[in-house]
Structures are given as C-alpha cells and as structure tokens.
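See below for the structure under consideration.
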Amino acid sequence: MDNQSTELQQASQTPIAPDNAKWYVVHTYSGHENKVATNLKQRIETMKLEGKIFDIIVPTRNIVIVRHGKKEEQKEKIFPGYILVKMILADETWLAVRTTQGVTAFVGAGNKPTPISDREVATILKFMAMEAPKYKATFSVGEAVKIVDGPFADFLGTIDSIDEAKGKVKVLVSIFGRETPVELDFLQVAKL
C-alpha cells in the first residue's frame, strides 16, 4: 500500500476497504449534502451494505465570517451539491446510493459513474484539514460601506479591494474632498 492510500485510510477513519472499492462523486440537491450523507449511512445499515460502501464525505472546511462585528467560525462546503462515497460499484450499491432521497446522480461519463483517484481525494482531505481559517467576505468591490471602528469611524467609503485571506478591505474614504485608500479589517466596516 503506498503512502497516499495509508494517509487516506487514516484521514477518513474507514475500515480497510478492498482495492476494488473506489471513490465516486455523487451529486445532491444543494444544501442537502449532510442530510443525504446521514440518510445514506442509515440505508447502508438497513440494507446490510457495510462490506460494500465504506465511507461518505461531505467536503467542508472551516472559515471565519464576520457577523454583527464578531468573527465566527463556520463550516463551508467546498463543493456545494456534491458528496464523496467510497464503495464497490455493483448494481445493489449503485441503486442504494442513487435512490437515496436528495441524490440526483453519480458524476461520470454518460450513465456510468466514474471513480476519482485516491490522489484527488487525498488533496480534498488535505484541503479540508488546512488550519488557516479563511475569511468570508460579505462585501463586494464598489459597494458603499460605513466605517464603524478606528480613526475613520462614522466615515462612509467605497470598497476598492478585498483580501479574503487576511480579512482586510481597502476602502476609498473621502477626506477633505479627496478619495484616500484606507486598509481596514472586515470588523471595522459595515454594510449601509
């Protein structure tokens, strides 16, 4: 077994799946990913498919959003409308997944589900585990905002640029009739 599949095994805590078990991408109604994963887990038990369907992942990552002037951590779906299922593809497993409420289709060429590589799954899992929470901007460039904190509190300005990785915005503030760019934290500005 190569390192990558060992890493995969540890990262997803699955019982050791045979080599013919592959990862498939399943399309769901957007917003129903967790519900589909829960329903599918129940169906696997009910239909006694534990030896054929091994793991279900809803790819998410932690991000930081700013709400009401406070930073909150929240899980964001990396691929909204998609879940990953590790299984041995056979008529009964295909049917069990395909007929789970909220599932719209398998992703693949034509009607045939196409597996994704362990390397792709390892990359997704690595991305999910990344520590640095990403800020989620609720602002857009060109939007008028009010500065609520710092030396420019109560000034109005226009968003010039957004740096989501740092949680900063550059705001053009009109000072003495001139537009001056000011870099601020997401927490220091509010929507009008």
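Naming works like this for the structure tokens: A, B, ... for the chains as they're shown, residue 1 at the start of each chain, ligands 1 onward in shown order.
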
| task | Within 9 Å of A:Val36, counting only C-alpha atoms, which residues show up once you throw out same-chain ones fewer than 5 positions away? Write them as a PyMOL selection string, please. | result | chain A and resi 28-29+41+83+100-103

Kindly export the residues of the current selection with N, CA, C and O atoms, as a JSON list (two decimals), in the first residue's frame.
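Output (again.json):
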[["chain", "number", "residue", "atom", "x", "y", "z"],
["A", 28, "THR", "N", -25.93, 15.94, -5.30],
["A", 28, "THR", "CA", -27.13, 16.03, -4.46],
["A", 28, "THR", "C", -27.79, 17.38, -4.68],
["A", 28, "THR", "O", -27.19, 18.27, -5.27],
["A", 29, "TYR", "N", -29.00, 17.52, -4.16],
["A", 29, "TYR", "CA", -29.61, 18.85, -4.16],
["A", 29, "TYR", "C", -28.74, 19.73, -3.28],
["A", 29, "TYR", "O", -28.32, 19.30, -2.20],
["A", 41, "LYS", "N", -26.02, 6.66, 5.24],
["A", 41, "LYS", "CA", -25.43, 5.83, 6.30],
["A", 41, "LYS", "C", -26.50, 4.90, 6.89],
["A", 41, "LYS", "O", -26.24, 3.73, 7.14],
["A", 83, "ILE", "N", -21.13, 15.06, -2.75],
["A", 83, "ILE", "CA", -20.52, 14.31, -1.65],
["A", 83, "ILE", "C", -19.63, 13.23, -2.29],
["A", 83, "ILE", "O", -19.78, 12.90, -3.47],
["A", 100, "THR", "N", -31.27, 7.12, -2.80],
["A", 100, "THR", "CA", -31.30, 7.83, -1.51],
["A", 100, "THR", "C", -31.92, 9.20, -1.75],
["A", 100, "THR", "O", -31.56, 9.89, -2.71],
["A", 101, "GLN", "N", -32.83, 9.59, -0.88],
["A", 101, "GLN", "CA", -33.52, 10.87, -1.03],
["A", 101, "GLN", "C", -32.50, 12.02, -1.05],
["A", 101, "GLN", "O", -31.62, 12.10, -0.21],
["A", 102, "GLY", "N", -32.63, 12.90, -2.05],
["A", 102, "GLY", "CA", -31.72, 14.05, -2.17],
["A", 102, "GLY", "C", -30.61, 13.84, -3.18],
["A", 102, "GLY", "O", -29.95, 14.78, -3.59],
["A", 103, "VAL", "N", -30.37, 12.58, -3.58],
["A", 103, "VAL", "CA", -29.34, 12.29, -4.58],
["A", 103, "VAL", "C", -29.94, 12.51, -5.97],
["A", 103, "VAL", "O", -31.03, 12.04, -6.26]]

| request: Just the residues within 7 Å of A:Asp149, please, counting only C-alpha atoms, with nothing from its chain fewer than 3 positions along; format it as a ChimeraX atom specification. | output: /A:152-153,188

Please produce an output containing all heavy atoms for each residue in the selection, written as a PDB file, in the first residue's frame.
ATOM      1  N   PHE A 152     -11.264  56.351  11.518  1.00  0.00           N
ATOM      2  CA  PHE A 152     -12.197  56.849  10.500  1.00  0.00           C
ATOM      3  C   PHE A 152     -13.646  56.453  10.794  1.00  0.00           C
ATOM      4  O   PHE A 152     -14.495  56.462   9.914  1.00  0.00           O
ATOM      5  CB  PHE A 152     -11.789  56.350   9.106  1.00  0.00           C
ATOM      6  CG  PHE A 152     -10.442  56.850   8.682  1.00  0.00           C
ATOM      7  CD1 PHE A 152      -9.322  56.030   8.776  1.00  0.00           C
ATOM      8  CD2 PHE A 152     -10.280  58.151   8.216  1.00  0.00           C
ATOM      9  CE1 PHE A 152      -8.075  56.491   8.407  1.00  0.00           C
ATOM     10  CE2 PHE A 152      -9.034  58.619   7.848  1.00  0.00           C
ATOM     11  CZ  PHE A 152      -7.923  57.792   7.944  1.00  0.00           C
ATOM     12  N   ALA A 153     -13.920  56.083  12.061  1.00  0.00           N
ATOM     13  CA  ALA A 153     -15.282  55.677  12.443  1.00  0.00           C
ATOM     14  C   ALA A 153     -16.284  56.749  12.020  1.00  0.00           C
ATOM     15  O   ALA A 153     -15.993  57.942  12.111  1.00  0.00           O
ATOM     16  CB  ALA A 153     -15.353  55.432  13.940  1.00  0.00           C
ATOM     17  N   GLN A 188     -14.093  46.327  10.896  1.00  0.00           N
ATOM     18  CA  GLN A 188     -14.152  47.778  11.019  1.00  0.00           C
ATOM     19  C   GLN A 188     -15.132  48.437  10.043  1.00  0.00           C
ATOM     20  O   GLN A 188     -15.311  49.627  10.090  1.00  0.00           O
ATOM     21  CB  GLN A 188     -12.758  48.374  10.831  1.00  0.00           C
ATOM     22  CG  GLN A 188     -11.798  47.982  11.934  1.00  0.00           C
ATOM     23  CD  GLN A 188     -10.415  48.536  11.690  1.00  0.00           C
ATOM     24  OE1 GLN A 188      -9.696  48.102  10.796  1.00  0.00           O
ATOM     25  NE2 GLN A 188     -10.053  49.537  12.472  1.00  0.00           N
TER      26      GLN A 188
END

| query | Looking at A:Lys191, A:His32, A:Lys71, A:Lys166, which one is nearest to A:Ile147, with distances taken over only C-alpha atoms? | reply | A:Lys191

| field | Nearest to A:Val121, chosen from A:Lys70, A:Arg43, A:Arg98, A:Lys86, with only C-alpha atoms counted in the distances | value | A:Lys86

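Our summary of the geometry notes that atom CA of A:Ala17 is positioned 24.4 Å from atom CA of A:Ala109.
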
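Interatomic distance, atom CA of A:Met128 to atom CA of A:Glu76: 9.8 Å.
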
| task | Enumerate, as a count of residues only, the complete set of residues in stretch 49-87 of chain A that a backbone-based DSSP assignment places in strand (DSSP E or B). | result | 27

| note | In Å and to one decimal, atom CA of A:Val25 is distant from atom CA of A:Asn62 by 21.4 Å

| Where in stretch 10-189 of chain A does DSSP assign alpha helix (DSSP H), given as an MDAnalysis selection string? | chainID A and resid 10:12 33:46 91:98 118:129

How about saving the chosen residues, C-alpha atoms kept, as a JSON list (two decimals), in the first residue's frame?
[["chain", "number", "residue", "atom", "x", "y", "z"],
["A", 10, "GLN", "CA", -6.12, 7.39, 8.46],
["A", 11, "ALA", "CA", -7.74, 10.65, 7.40],
["A", 12, "SER", "CA", -11.13, 9.17, 6.71],
["A", 33, "GLU", "CA", -25.37, 17.20, 1.42],
["A", 34, "ASN", "CA", -25.34, 16.40, 5.18],
["A", 35, "LYS", "CA", -28.88, 15.04, 5.10],
["A", 36, "VAL", "CA", -28.01, 12.78, 2.14],
["A", 37, "ALA", "CA", -24.88, 11.53, 3.98],
["A", 38, "THR", "CA", -26.96, 10.72, 7.10],
["A", 39, "ASN", "CA", -29.72, 9.02, 5.07],
["A", 40, "LEU", "CA", -27.18, 7.01, 3.10],
["A", 41, "LYS", "CA", -25.43, 5.83, 6.30],
["A", 42, "GLN", "CA", -28.80, 4.60, 7.62],
["A", 43, "ARG", "CA", -29.58, 2.83, 4.33],
["A", 44, "ILE", "CA", -26.16, 1.11, 4.36],
["A", 45, "GLU", "CA", -27.02, -0.38, 7.78],
["A", 46, "THR", "CA", -30.59, -1.29, 6.85],
["A", 91, "ASP", "CA", -25.98, -2.92, -9.11],
["A", 92, "GLU", "CA", -27.11, -3.03, -5.46],
["A", 93, "THR", "CA", -24.69, -0.33, -4.26],
["A", 94, "TRP", "CA", -25.43, 1.90, -7.25],
["A", 95, "LEU", "CA", -29.16, 1.52, -6.57],
["A", 96, "ALA", "CA", -28.78, 2.14, -2.81],
["A", 97, "VAL", "CA", -26.93, 5.42, -3.42],
["A", 98, "ARG", "CA", -28.93, 6.51, -6.46],
["A", 118, "ASP", "CA", -7.02, 8.45, -4.45],
["A", 119, "ARG", "CA", -4.69, 11.37, -5.13],
["A", 120, "GLU", "CA", -7.64, 13.69, -5.82],
["A", 121, "VAL", "CA", -9.35, 12.51, -2.63],
["A", 122, "ALA", "CA", -6.11, 12.98, -0.64],
["A", 123, "THR", "CA", -5.89, 16.55, -1.98],
["A", 124, "ILE", "CA", -9.50, 17.24, -0.95],
["A", 125, "LEU", "CA", -8.90, 15.78, 2.54],
["A", 126, "LYS", "CA", -5.71, 17.83, 2.92],
["A", 127, "PHE", "CA", -7.62, 20.97, 1.92],
["A", 128, "MET", "CA", -10.37, 20.13, 4.45],
["A", 129, "ALA", "CA", -7.78, 19.77, 7.22]]

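Compared by their closest atoms to A:Thr104, and using only C-alpha atoms, the residues A:His27, A:Gly157, A:Val182, A:Phe176 rank with A:His27 nearest.
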
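The smallest atom-to-atom distance between A:Val148 and any of A:Ala90, A:Ile162, A:Ile16, A:Val189, using only C-alpha atoms, is found for A:Val189.
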
| request: Compare A:Ile159, A:Leu184, A:Ile53, A:Ala137 by their minimum atom-to-atom distance to A:Ile88, counting only C-alpha atoms, and give me the closest one. | output: A:Ile53
